[in-house]
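Below is protein_4.cif, which holds mmCIF, C-alpha atoms and all ligand atoms.
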data_data
loop_
_atom_site.label_atom_id
_atom_site.label_comp_id
_atom_site.auth_asym_id
_atom_site.auth_seq_id
_atom_site.Cartn_x
_atom_site.Cartn_y
_atom_site.Cartn_z
CA MET A 269 3.76 25.56 43.61
CA PRO A 270 6.90 27.18 42.15
CA ASP A 271 6.77 30.57 40.42
CA HIS A 272 6.23 29.83 36.74
CA PRO A 273 5.13 32.78 34.58
CA THR A 274 3.48 31.79 31.30
CA SER A 275 1.87 34.93 29.87
CA GLN A 276 4.47 35.57 27.12
CA THR A 277 4.38 31.96 25.99
CA GLN A 278 0.61 31.96 25.85
CA ALA A 279 0.55 35.18 23.82
CA MET A 280 3.16 33.80 21.45
CA PHE A 281 1.20 30.58 20.98
CA GLN A 282 -1.93 32.59 20.12
CA ARG A 283 0.12 34.25 17.37
CA ALA A 284 1.30 30.85 16.15
CA LEU A 285 -2.28 29.56 16.01
CA LYS A 286 -3.18 32.33 13.57
CA VAL A 287 -0.52 31.35 11.03
CA MET A 288 0.25 27.64 11.47
CA PRO A 289 -2.19 24.70 11.80
CA TYR A 290 -2.47 24.04 15.54
CA GLY A 291 0.40 26.51 16.02
CA VAL A 292 3.06 23.88 15.39
CA THR A 293 5.28 22.57 12.62
CA SER A 294 4.97 18.91 13.58
CA ASN A 295 1.83 17.31 15.03
CA PHE A 296 3.88 15.72 17.81
CA ARG A 297 4.66 19.19 19.20
CA TYR A 298 1.04 20.04 19.93
CA TRP A 299 0.22 19.94 23.65
CA GLY A 300 -3.21 21.62 23.46
CA ALA A 301 -3.80 25.06 24.95
CA ASP A 302 -0.52 24.90 26.89
CA THR A 303 1.70 24.17 23.91
CA PRO A 304 5.15 25.56 24.77
CA VAL A 305 6.95 28.18 22.71
CA VAL A 306 10.70 27.94 23.19
CA SER A 307 13.13 30.69 22.31
CA ARG A 308 16.57 29.25 23.02
CA ALA A 309 18.55 26.23 24.11
CA GLN A 310 22.05 25.74 25.50
CA GLY A 311 23.74 22.64 26.88
CA ALA A 312 21.18 20.53 28.75
CA TYR A 313 18.61 23.34 28.99
CA VAL A 314 15.84 25.01 26.99
CA TRP A 315 14.18 28.34 27.82
CA ASP A 316 10.62 29.28 26.95
CA THR A 317 9.55 32.75 25.83
CA ASP A 318 8.82 33.69 29.47
CA GLY A 319 12.47 32.98 30.31
CA ASN A 320 11.71 29.82 32.32
CA ARG A 321 14.60 27.36 32.14
CA TYR A 322 14.03 23.60 31.85
CA ILE A 323 16.38 20.65 32.05
CA ASP A 324 15.65 19.14 28.68
CA TYR A 325 14.97 15.40 28.41
CA ARG A 326 13.14 15.69 25.09
CA LEU A 327 16.23 16.97 23.27
CA SER A 328 14.09 17.59 20.22
CA PHE A 329 13.02 13.90 20.24
CA GLY A 330 16.57 12.69 20.57
CA PRO A 331 19.09 14.34 18.23
CA VAL A 332 20.91 16.56 20.71
CA ILE A 333 23.40 13.97 21.95
CA LEU A 334 26.15 16.37 23.08
CA GLY A 335 24.01 19.27 24.29
CA HIS A 336 22.29 22.20 22.62
CA ALA A 337 24.47 24.71 20.77
CA ASP A 338 27.61 22.69 21.41
CA PRO A 339 30.41 25.20 20.71
CA ARG A 340 32.59 22.66 18.86
CA VAL A 341 29.76 21.71 16.50
CA ASN A 342 28.67 25.32 16.07
CA GLN A 343 32.24 26.31 15.18
CA ALA A 344 32.44 23.56 12.57
CA VAL A 345 29.20 24.78 11.02
CA ALA A 346 30.33 28.42 11.10
CA ASP A 347 33.62 27.47 9.44
CA THR A 348 31.85 25.77 6.56
CA LEU A 349 29.24 28.48 5.93
CA ALA A 350 31.68 30.80 4.18
CA ASN A 351 32.12 28.11 1.52
CA GLY A 352 28.42 27.77 0.75
CA ASN A 353 26.05 24.97 1.65
CA LEU A 354 24.82 23.20 -1.49
CA TYR A 355 26.84 22.31 -4.58
CA ALA A 356 24.87 19.58 -6.39
CA HIS A 357 28.21 17.80 -6.45
CA THR A 358 30.02 15.41 -4.19
CA HIS A 359 32.16 17.35 -1.71
CA PRO A 360 35.01 16.42 0.65
CA LEU A 361 33.02 16.85 3.89
CA GLU A 362 30.47 14.28 2.75
CA ILE A 363 33.21 11.82 1.95
CA GLU A 364 34.77 12.34 5.38
CA VAL A 365 31.47 11.79 7.17
CA ALA A 366 30.83 8.63 5.14
CA GLU A 367 34.32 7.35 6.03
CA ARG A 368 33.75 8.00 9.74
CA LEU A 369 30.31 6.40 9.66
CA ILE A 370 31.71 3.28 8.02
CA ARG A 371 34.48 3.11 10.67
CA MET A 372 32.00 3.45 13.53
CA CYS A 373 29.02 1.41 12.39
CA PRO A 374 29.21 -2.36 11.94
CA GLY A 375 27.60 -3.59 8.74
CA VAL A 376 28.02 -0.31 6.85
CA ASP A 377 30.15 -0.58 3.69
CA LYS A 378 28.51 2.25 1.76
CA VAL A 379 26.51 5.37 2.67
CA ARG A 380 23.92 7.62 1.00
CA PHE A 381 22.95 10.82 2.81
CA ALA A 382 19.45 12.21 3.31
CA ASN A 383 18.00 14.98 5.49
CA SER A 384 15.65 13.29 7.93
CA GLY A 385 14.85 9.91 9.37
CA THR A 386 11.68 9.81 7.29
CA GLU A 387 13.63 10.19 4.07
CA ALA A 388 16.18 7.61 5.15
CA THR A 389 13.58 4.91 5.85
CA MET A 390 11.63 5.76 2.69
CA HIS A 391 14.77 5.30 0.57
CA ALA A 392 15.80 2.17 2.46
CA LEU A 393 12.45 0.55 1.65
CA ARG A 394 12.79 1.41 -2.03
CA ILE A 395 16.30 -0.03 -2.14
CA ALA A 396 15.02 -3.21 -0.44
CA ARG A 397 12.17 -3.56 -2.94
CA ALA A 398 14.48 -2.98 -5.86
CA HIS A 399 16.99 -5.45 -4.46
CA THR A 400 14.50 -8.27 -3.91
CA GLY A 401 11.91 -7.61 -6.60
CA ARG A 402 9.25 -8.00 -3.90
CA GLU A 403 6.85 -5.37 -2.57
CA LYS A 404 5.66 -6.08 0.97
CA ILE A 405 7.32 -5.09 4.18
CA VAL A 406 7.09 -6.43 7.70
CA LYS A 407 7.01 -3.87 10.49
CA PHE A 408 6.23 -4.17 14.19
CA GLU A 409 3.41 -2.64 16.21
CA GLY A 410 4.41 0.48 18.09
CA CYS A 411 7.48 1.04 15.93
CA TYR A 412 7.58 4.37 14.11
CA HIS A 413 9.71 4.96 11.05
CA GLY A 414 8.76 8.51 10.12
CA PHE A 415 5.96 10.34 8.37
CA GLN A 416 6.22 8.68 4.93
CA ASP A 417 3.17 6.71 3.80
CA TYR A 418 4.74 3.26 3.64
CA THR A 419 5.22 2.66 7.36
CA LEU A 420 2.59 4.88 8.99
CA PHE A 421 0.65 1.81 10.06
CA SER A 422 0.18 0.34 13.55
CA THR A 423 2.62 2.82 15.06
CA SER A 424 2.40 4.05 18.63
CA MET A 425 -0.44 6.35 17.50
CA THR A 426 -2.74 3.34 17.08
CA PRO A 427 -5.54 2.66 19.60
CA GLY A 428 -5.54 -0.90 20.92
CA GLY A 429 -8.92 -1.74 19.36
CA SER A 430 -7.55 -1.31 15.83
CA LEU A 431 -4.71 -3.80 16.15
CA GLY A 432 -6.67 -7.02 15.67
CA SER A 433 -5.81 -10.20 17.53
CA ARG A 434 -2.31 -11.16 18.60
CA ARG A 435 -2.50 -14.23 16.38
CA SER A 436 -3.34 -12.27 13.23
CA PRO A 437 -2.59 -8.57 13.78
CA LEU A 438 -3.99 -5.92 11.45
CA ALA A 439 -2.02 -3.16 9.79
CA ALA A 440 -3.94 -0.13 11.10
CA VAL A 441 -3.49 3.05 9.09
CA ASN A 442 -2.47 6.08 11.17
CA SER A 443 -3.57 8.96 8.99
CA SER A 444 -6.21 10.01 6.55
CA GLY A 445 -4.57 10.76 3.24
CA ILE A 446 -2.60 7.54 3.02
CA PRO A 447 -3.72 5.57 -0.06
CA SER A 448 -5.67 2.49 1.04
CA ALA A 449 -3.75 0.36 -1.47
CA LEU A 450 -0.62 0.76 0.65
CA ARG A 451 -2.19 -1.19 3.49
CA ASP A 452 -1.84 -4.33 1.39
CA LEU A 453 1.91 -3.80 1.33
CA VAL A 454 2.33 -3.78 5.12
CA ILE A 455 2.44 -6.87 7.29
CA SER A 456 2.25 -5.70 10.89
CA LEU A 457 3.48 -8.06 13.62
CA VAL A 458 3.82 -7.92 17.40
CA TYR A 459 7.22 -6.68 18.66
CA ASN A 460 9.19 -9.39 20.45
CA ASP A 461 6.85 -12.20 19.35
CA ILE A 462 9.35 -14.60 17.80
CA ASP A 463 6.83 -17.39 17.12
CA LEU A 464 4.46 -15.10 15.23
CA LEU A 465 7.34 -13.68 13.20
CA ASP A 466 8.57 -17.13 12.36
CA ARG A 467 5.15 -18.41 11.33
CA VAL A 468 4.28 -15.41 9.13
CA VAL A 469 7.64 -15.08 7.40
CA ARG A 470 7.93 -18.79 6.64
CA ALA A 471 4.46 -18.68 5.06
CA ARG A 472 4.83 -15.44 3.11
CA TRP A 473 8.55 -14.88 2.49
CA HIS A 474 8.15 -14.75 -1.30
CA GLU A 475 6.12 -11.50 -0.93
CA ILE A 476 8.43 -9.81 1.59
CA ALA A 477 11.10 -7.30 0.51
CA ALA A 478 12.13 -6.06 3.96
CA ILE A 479 11.71 -6.46 7.68
CA ILE A 480 12.15 -3.07 9.30
CA VAL A 481 12.68 -2.86 13.05
CA GLU A 482 13.56 -0.40 15.78
CA PRO A 483 16.29 -2.34 17.60
CA ILE A 484 15.22 -0.65 20.83
CA ALA A 485 11.66 0.58 20.53
CA GLY A 486 12.29 4.27 21.05
CA ASN A 487 8.72 5.09 20.11
CA MET A 488 7.11 2.79 22.67
CA ALA A 489 8.71 3.51 26.04
CA SER A 490 12.11 2.33 24.80
CA LEU A 491 11.24 -1.36 25.08
CA MET A 492 14.20 -3.69 24.70
CA PRO A 493 14.19 -6.58 22.24
CA VAL A 494 13.93 -9.93 24.05
CA PRO A 495 17.00 -12.13 23.62
CA GLY A 496 16.83 -13.82 20.24
CA PHE A 497 14.35 -11.41 18.62
CA LEU A 498 16.80 -9.44 16.48
CA GLU A 499 18.84 -12.59 15.88
CA HIS A 500 15.76 -14.37 14.58
CA ILE A 501 14.95 -11.53 12.18
CA ARG A 502 18.53 -11.83 10.91
CA LYS A 503 18.21 -15.59 10.50
CA LEU A 504 14.93 -15.39 8.57
CA CYS A 505 16.26 -12.62 6.33
CA ASP A 506 19.32 -14.72 5.51
CA GLU A 507 17.23 -17.81 4.85
CA TYR A 508 14.72 -16.11 2.56
CA GLY A 509 16.73 -13.31 0.92
CA ILE A 510 14.79 -10.57 2.74
CA VAL A 511 16.49 -7.22 3.45
CA MET A 512 16.79 -6.53 7.20
CA ILE A 513 16.50 -2.79 7.87
CA VAL A 514 17.64 -1.75 11.33
CA ASP A 515 16.15 1.68 11.96
CA GLU A 516 18.83 3.34 14.07
CA VAL A 517 17.29 6.81 13.82
CA LYS A 518 16.92 7.02 17.61
CA THR A 519 19.54 4.49 18.71
CA GLY A 520 22.38 5.40 16.33
CA PHE A 521 25.32 7.25 17.95
CA ARG A 522 23.37 7.20 21.24
CA ILE A 523 23.17 3.64 22.60
CA ALA A 524 26.78 3.06 21.55
CA ARG A 525 29.15 4.69 19.08
CA GLY A 526 28.06 2.13 16.50
CA GLY A 527 24.43 2.25 17.65
CA ALA A 528 22.26 -0.71 18.57
CA THR A 529 23.95 -2.73 15.82
CA GLU A 530 27.17 -2.62 17.81
CA PHE A 531 25.38 -2.98 21.16
CA PHE A 532 23.48 -6.16 20.22
CA GLY A 533 25.94 -7.50 17.66
CA VAL A 534 23.22 -8.00 15.03
CA LYS A 535 23.80 -6.27 11.69
CA GLY A 536 21.09 -5.26 9.26
CA ASP A 537 21.58 -5.29 5.50
CA LEU A 538 20.59 -1.63 5.70
CA MET A 539 20.71 0.77 8.65
CA THR A 540 19.01 4.16 8.78
CA TYR A 541 20.53 7.02 10.79
CA ALA A 542 19.53 10.62 11.55
CA LYS A 543 19.07 12.39 14.92
CA SER A 544 22.35 12.05 16.92
CA LEU A 545 24.40 11.85 13.73
CA ALA A 546 24.66 15.65 13.57
CA ASN A 547 23.69 16.81 17.09
CA GLY A 548 20.48 18.42 15.85
CA PHE A 549 21.53 19.68 12.42
CA PRO A 550 19.66 18.10 9.50
CA LEU A 551 21.58 15.14 8.18
CA ALA A 552 20.46 11.54 7.81
CA ALA A 553 22.02 8.49 6.22
CA ILE A 554 21.23 5.11 4.78
CA GLY A 555 24.13 2.73 5.26
CA GLY A 556 24.50 -0.91 4.43
CA SER A 557 26.29 -3.79 2.83
CA ASP A 558 27.96 -3.44 -0.54
CA ALA A 559 25.56 -6.02 -1.94
CA VAL A 560 22.35 -4.17 -1.02
CA MET A 561 23.63 -0.58 -1.39
CA GLY A 562 24.94 -1.65 -4.79
CA THR A 563 21.30 -1.81 -5.91
CA ILE A 564 21.26 2.01 -6.18
CA GLU A 565 21.84 2.87 -9.81
CA PRO A 566 21.39 6.19 -11.65
CA GLY A 567 18.39 6.08 -13.94
CA ARG A 568 17.22 2.73 -12.53
CA VAL A 569 16.91 2.85 -8.75
CA ALA A 570 16.15 6.39 -7.61
CA VAL A 571 17.72 7.71 -4.39
CA GLY A 572 18.61 11.36 -3.88
CA GLY A 573 17.37 14.91 -3.26
CA THR A 574 18.46 18.53 -3.58
CA TYR A 575 19.50 19.01 0.04
CA CYS A 576 20.97 15.55 0.61
CA GLY A 577 24.48 15.79 2.01
CA ASN A 578 24.26 19.55 2.60
CA ALA A 579 27.53 20.99 3.91
CA VAL A 580 26.05 22.39 7.13
CA GLY A 581 24.72 18.98 8.13
CA ALA A 582 27.92 17.28 7.04
CA ALA A 583 30.12 19.71 9.00
CA ALA A 584 27.98 19.19 12.10
CA ALA A 585 28.12 15.42 11.64
CA ARG A 586 31.89 15.37 11.19
CA ALA A 587 32.38 17.34 14.40
CA THR A 588 29.78 15.25 16.31
CA LEU A 589 31.22 11.92 15.20
CA ASP A 590 34.75 13.04 16.09
CA ILE A 591 33.64 14.08 19.57
CA LEU A 592 31.75 10.82 20.10
CA ALA A 593 34.74 8.79 18.87
CA GLU A 594 37.42 10.66 20.82
CA THR A 595 35.75 11.55 24.13
CA ASP A 596 33.87 9.67 26.82
CA ALA A 597 30.63 11.57 26.06
CA LEU A 598 28.57 8.39 25.72
CA ALA A 599 30.09 6.89 28.90
CA GLN A 600 29.11 10.02 30.81
CA ILE A 601 25.57 9.85 29.47
CA HIS A 602 25.46 6.21 30.48
CA ALA A 603 26.62 6.97 34.03
CA ARG A 604 24.17 9.84 34.59
CA GLY A 605 21.36 7.91 32.94
CA THR A 606 21.99 4.93 35.19
CA ARG A 607 21.72 7.18 38.27
CA LEU A 608 18.57 8.78 36.90
CA MET A 609 16.89 5.47 36.09
CA GLN A 610 17.69 4.11 39.55
CA GLY A 611 16.68 7.33 41.29
CA LEU A 612 13.35 7.56 39.47
CA GLY A 613 12.69 3.91 40.30
CA GLU A 614 13.25 4.67 43.98
CA VAL A 615 11.05 7.77 43.89
CA LEU A 616 8.22 5.80 42.25
CA THR A 617 8.59 2.86 44.65
CA GLU A 618 8.56 5.18 47.67
CA ALA A 619 5.38 6.78 46.34
CA GLY A 620 3.82 3.32 46.04
CA LEU A 621 3.47 3.54 42.24
CA GLU A 622 3.78 0.30 40.27
CA HIS A 623 6.10 0.84 37.34
CA GLU A 624 8.48 -0.69 34.86
CA ILE A 625 11.51 1.17 33.55
CA THR A 626 12.66 -0.01 30.15
CA GLY A 627 15.46 0.79 27.74
CA GLN A 628 19.00 2.00 28.17
CA PRO A 629 20.36 4.87 30.28
CA ALA A 630 20.78 7.12 27.23
CA MET A 631 17.14 6.55 26.24
CA PHE A 632 14.69 4.98 28.68
CA GLY A 633 10.95 4.88 29.24
CA ILE A 634 8.64 4.44 32.22
CA THR A 635 5.38 2.52 32.13
CA LEU A 636 3.15 3.32 35.10
CA GLU A 637 0.78 0.82 36.70
CA PRO A 638 1.21 -1.77 33.92
CA GLN A 639 -1.59 -4.32 33.89
CA GLU A 640 0.39 -6.79 31.79
CA ARG A 641 3.93 -7.70 32.83
CA PRO A 642 6.62 -7.95 31.69
CA VAL A 643 6.10 -5.00 29.39
CA ARG A 644 7.57 -6.20 26.11
CA ASP A 645 5.24 -5.14 23.31
CA TYR A 646 2.98 -2.25 22.33
CA ARG A 647 -0.17 -3.99 23.56
CA ASN A 648 1.35 -4.31 27.04
CA THR A 649 2.30 -0.64 27.11
CA LEU A 650 -1.26 0.34 26.22
CA ALA A 651 -2.46 -1.52 29.31
CA SER A 652 -0.86 1.06 31.62
CA ASN A 653 -1.71 4.41 33.18
CA GLY A 654 -0.68 6.98 30.58
CA ASP A 655 -2.92 9.67 32.10
CA LEU A 656 -1.14 9.48 35.44
CA TYR A 657 2.22 9.58 33.67
CA GLU A 658 1.21 12.73 31.80
CA LYS A 659 0.00 14.44 34.98
CA ILE A 660 3.28 13.76 36.76
CA ILE A 661 5.40 14.90 33.83
CA LEU A 662 3.37 18.10 33.45
CA ALA A 663 3.75 18.79 37.19
CA MET A 664 7.55 18.50 36.77
CA ARG A 665 7.58 21.27 34.17
CA PRO A 666 6.92 24.25 36.47
CA ARG A 667 9.70 22.73 38.58
CA GLY A 668 12.17 23.23 35.74
CA VAL A 669 12.25 19.78 34.13
CA GLU A 670 10.90 19.07 30.65
CA VAL A 671 10.08 15.49 29.69
CA GLU A 672 7.74 14.48 26.87
CA PRO A 673 4.29 14.03 28.48
CA ASP A 674 3.47 11.18 26.12
CA TRP A 675 4.60 7.99 27.89
CA ARG A 676 5.57 6.40 24.58
CA GLU A 677 8.43 8.84 24.16
CA PRO A 678 11.54 8.08 26.24
CA PHE A 679 13.71 10.31 28.41
CA PHE A 680 16.69 11.33 26.26
CA LEU A 681 19.97 12.36 27.89
CA CYS A 682 22.80 14.49 26.53
CA ALA A 683 26.46 14.77 27.50
CA ALA A 684 25.94 18.30 28.85
CA LEU A 685 23.67 16.98 31.62
CA SER A 686 25.36 17.28 35.04
CA ASP A 687 25.01 15.31 38.25
CA ALA A 688 23.37 18.39 39.77
CA ASP A 689 20.78 18.27 36.96
CA VAL A 690 20.06 14.64 37.78
CA ASP A 691 19.58 15.56 41.46
CA ALA A 692 17.27 18.45 40.52
CA THR A 693 15.27 16.10 38.30
CA LEU A 694 14.81 13.56 41.07
CA ASN A 695 13.65 16.29 43.46
CA ALA A 696 11.22 17.62 40.86
CA ALA A 697 9.85 14.12 40.24
CA ASN A 698 9.40 13.56 43.97
CA ASP A 699 7.54 16.84 44.46
CA ALA A 700 5.46 16.40 41.32
CA ILE A 701 4.29 12.94 42.38
CA LYS A 702 3.34 14.26 45.83
CA GLU A 703 1.35 17.07 44.22
CA VAL A 704 -0.44 14.75 41.80
CA LYS A 705 -1.22 12.13 44.44
CA GLY A 706 -2.30 14.80 46.91
CA GLY A 707 -4.67 16.33 44.36
C1 LIG B 801 12.94 5.11 14.74
C2 LIG B 801 12.60 6.31 13.93
N1 LIG B 801 12.67 6.26 12.60
C3 LIG B 801 12.40 7.32 11.83
C4 LIG B 801 12.00 8.50 12.40
C5 LIG B 801 11.69 9.70 11.52
O1 LIG B 801 12.71 10.63 11.65
P1 LIG B 801 12.46 12.17 11.24
O2 LIG B 801 11.56 12.72 12.29
O3 LIG B 801 13.83 12.76 11.24
O4 LIG B 801 11.85 12.18 9.91
C6 LIG B 801 11.90 8.62 13.78
C7 LIG B 801 11.48 9.88 14.40
O5 LIG B 801 11.30 10.01 15.57
C8 LIG B 801 12.21 7.49 14.57
O6 LIG B 801 12.11 7.53 15.90
#
Once more with this new file: its structure as structure tokens, please.
Amino acid sequence: MPDHPTSQTQAMFQRALKVMPYGVTSNFRYWGADTPVVSRAQGAYVWDTDGNRYIDYRLSFGPVILGHADPRVNQAVADTLANGNLYAHTHPLEIEVAERLIRMCPGVDKVRFANSGTEATMHALRIARAHTGREKIVKFEGCYHGFQDYTLFSTSMTPGGSLGSRRSPLAAVNSSGIPSALRDLVISLVYNDIDLLDRVVRARWHEIAAIIVEPIAGNMASLMPVPGFLEHIRKLCDEYGIVMIVDEVKTGFRIARGGATEFFGVKGDLMTYAKSLANGFPLAAIGGSDAVMGTIEPGRVAVGGTYCGNAVGAAAARATLDILAETDALAQIHARGTRLMQGLGEVLTEAGLEHEITGQPAMFGITLEPQERPVRDYRNTLASNGDLYEKIILAMRPRGVEVEPDWREPFFLCAALSDADVDATLNAANDAIKEVKGG
């Protein structure tokens, strides 16, 4: 077992427990008694308060596309700070970011900025309802669209028993505190089930304002859409005047410069962006067609917020988008991710562990010992060995590699990751699996 001191981190977490519920600022960060406390990050690495360094594949759940503390992005932020951060007026940086976003992202004619993915999806749903005059939304099991009340149903937090049958799935609420009336506004369907989608939408289209989808299911092991799934959503939305919302919060500026929309060639009427847009600084965006974005109207259709379009986020986004547009950062991520996916597949095969690796090199997931194959929806992923996955991932941590222990969350890669880091990760995985199997 490698040397891995933890006393400082444990002491720090005890302090956190005294002042913050569960010692964390987001429920997803709680790992029980061994919840990490991290004091700095640079490039592809994070360091905990004991000074242990980890190759970081969580990347703060995805935003850090270039690497932590990227000097070019930091400089852009530092340069803007002297001019203040919030003006409650339109400012040139915002305009520049909107122009870049429109150039990079197919289907985006107009942009409104927000601060987080949650805000972006919340606003997108309101715009869709205002545009159609309808109230219900279709979402897919296992897809997560943020902490707002309207979509916190049948996400990857849902136990299998609450989902109902495949033929008539239930919208299962994921938190106390969400008004029960909202459940009536959510139609939850099975990801990748084109027949079910077709049947339900053709029967109920007159109630449906929007179909919201993760184009690659970054909250359920990065499952890919089956051929025709996104295309069929597009077709039904066109036929019935429903707003298609492609939630690019994880895929945007990561899977391709123009996100999954560019990668698959299927445009939504609205797209939501956050995460990689600003390399970890808080900026999000709702982008879409002139027709649907034109629904926003002062005094009539409310979209905004005090911090929306803040200069720090906008400066970070301008620098990030320029780097993504002008360098081969995404190609490098793709190359290293391809090696890592293949290498992990070999390590697992050698260890005799059944597995399926899903997603794209920049964002991929591993399902261990799947009982239902191919793994293409949330129900399939639940029929796998998440406990074994967690044990292996936690055994990699003392070996200097940090991956999210929850199997639903993918490996995220950044441009700062080196080939040597990939090699070190494969060695750590190999050793961790031996330790777990041996124990
Ligand atoms: C697809 C998707 N949409 C929305 C969100 C919410 O974003 P945020 O955490 O910035 O509110 C997330 C967060 O992980 C996400 O993965």
Checklist entry - Near Val469 in chain A, within 12 Å and counting all atoms listed in the file, which residues show up once chain neighbours fewer than 5 positions away are dropped, as a list in words? => result Lys404, Ile405, Val406, Lys407, Ile455, Ser456, Leu457, Ile462, Asp463, Leu464, His474, Glu475, Ile476, Ala477, Ala478, Ile479, His500, Ile501, Arg502, Lys503, Leu504, Cys505, Asp506, Glu507, Tyr508, Gly509 and Ile510 of chain A
Item to check | Distance filter 8 Å around ligand LIG 801 (chain B), atoms: all atoms listed in the file, out as JSON, numbers by chain | outcome: {"A": [329, 330, 383, 384, 385, 386, 387, 388, 389, 411, 412, 413, 414, 415, 482, 485, 486, 487, 515, 516, 517, 518, 519, 540, 542, 543, 552]}
Item to check | Within 12 Å of file point (25.6, 14.5, -8.8), counting all atoms listed in the file, expressed as a PyMOL selection string | outcome: chain A and resi 354-359+566+571-577
Filtering to C-alpha atoms, could you give me those residues as a PDB file, keeping the file's coordinate frame?
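So result.pdb came out as:
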ATOM      1  CA  LEU A 354      24.820  23.200  -1.490  1.00  0.00           C
ATOM      2  CA  TYR A 355      26.840  22.310  -4.580  1.00  0.00           C
ATOM      3  CA  ALA A 356      24.870  19.580  -6.390  1.00  0.00           C
ATOM      4  CA  HIS A 357      28.210  17.800  -6.450  1.00  0.00           C
ATOM      5  CA  THR A 358      30.020  15.410  -4.190  1.00  0.00           C
ATOM      6  CA  HIS A 359      32.160  17.350  -1.710  1.00  0.00           C
ATOM      7  CA  PRO A 566      21.390   6.190 -11.650  1.00  0.00           C
ATOM      8  CA  VAL A 571      17.720   7.710  -4.390  1.00  0.00           C
ATOM      9  CA  GLY A 572      18.610  11.360  -3.880  1.00  0.00           C
ATOM     10  CA  GLY A 573      17.370  14.910  -3.260  1.00  0.00           C
ATOM     11  CA  THR A 574      18.460  18.530  -3.580  1.00  0.00           C
ATOM     12  CA  TYR A 575      19.500  19.010   0.040  1.00  0.00           C
ATOM     13  CA  CYS A 576      20.970  15.550   0.610  1.00  0.00           C
ATOM     14  CA  GLY A 577      24.480  15.790   2.010  1.00  0.00           C
TER      15      GLY A 577
END
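Across the structure, CA of Val341 in chain A and CA of Thr588 in chain A are spaced 6.5 Å apart.
Considering the residues A:Glu594, A:Phe549, A:Val332, A:Ile323 and counting all atoms listed in the file, Ala579 in chain A has its shortest atom-to-atom contact with A:Phe549.
For Glu672 in chain A, the list of residues within 9 Å, based on only C-alpha atoms and with local chain neighbours fewer than 4 positions off taken out, reads Tyr325, Arg326, Phe329, Glu658, Ile661, Leu662, Arg676, Glu677, Pro678 and Phe679 of chain A.
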Next on the checklist: If I take CA of Val580 in chain A and CA of Gly520 in chain A, how far is one from the other in Å, to one decimal?
Outcome noted: 19.7 Å
Item to check | Within 10 Å of Asn648 in chain A using only C-alpha atoms, minus same-chain residues under 3 positions, as a list of chain:residue names | outcome: A:Gly428, A:Thr635, A:Pro638, A:Gln639, A:Glu640, A:Arg641, A:Pro642, A:Val643, A:Arg644, A:Asp645, A:Ala651, A:Ser652
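Across A:Leu327, A:Ile554, A:Ala696, A:Ala619, the tightest approach to Val669 in chain A is made by A:Ala696 when counting all atoms listed in the file.
A straight line drawn from CA of Ala583 in chain A to CA of Ile333 in chain A is 15.7 Å long.
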Checklist entry - Which of these residues is nearest to Thr693 in chain A, using all atoms listed in the file: A:Leu608, A:Leu656, A:Leu636, A:Val441? => result A:Leu608
Next on the checklist: For Tyr290 in chain A, find every residue with an atom within 12 Å (counting only C-alpha atoms), except residues of its own chain fewer than 3 positions away, and show them as an NGL selection string.
Outcome noted: :A and (281-287 or 293-303)
Checklist entry - Near Asp324 in chain A, counting only C-alpha atoms, which residues have an atom at most 6 Å away, once you skip same-chain residues fewer than 6 positions from it, shown as number ranges by chain? => result A: 312-313, 670
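Checking A:Pro447, A:Gly375, A:Gly627, A:Gly496 one by one against Ala559 in chain A, counting only C-alpha atoms, you find the shortest gap at A:Gly375.
Between Lys378 in chain A and the candidates A:Thr563, A:Ser436, A:Ser490, A:Thr348, the tightest atom-to-atom separation, counting all atoms listed in the file, involves A:Thr563.
Of the listed residues (A:Asp417, A:Asp347, A:Asp466, A:Glu499), A:Asp417 comes nearest to Arg451 in chain A; the distances count only C-alpha atoms.
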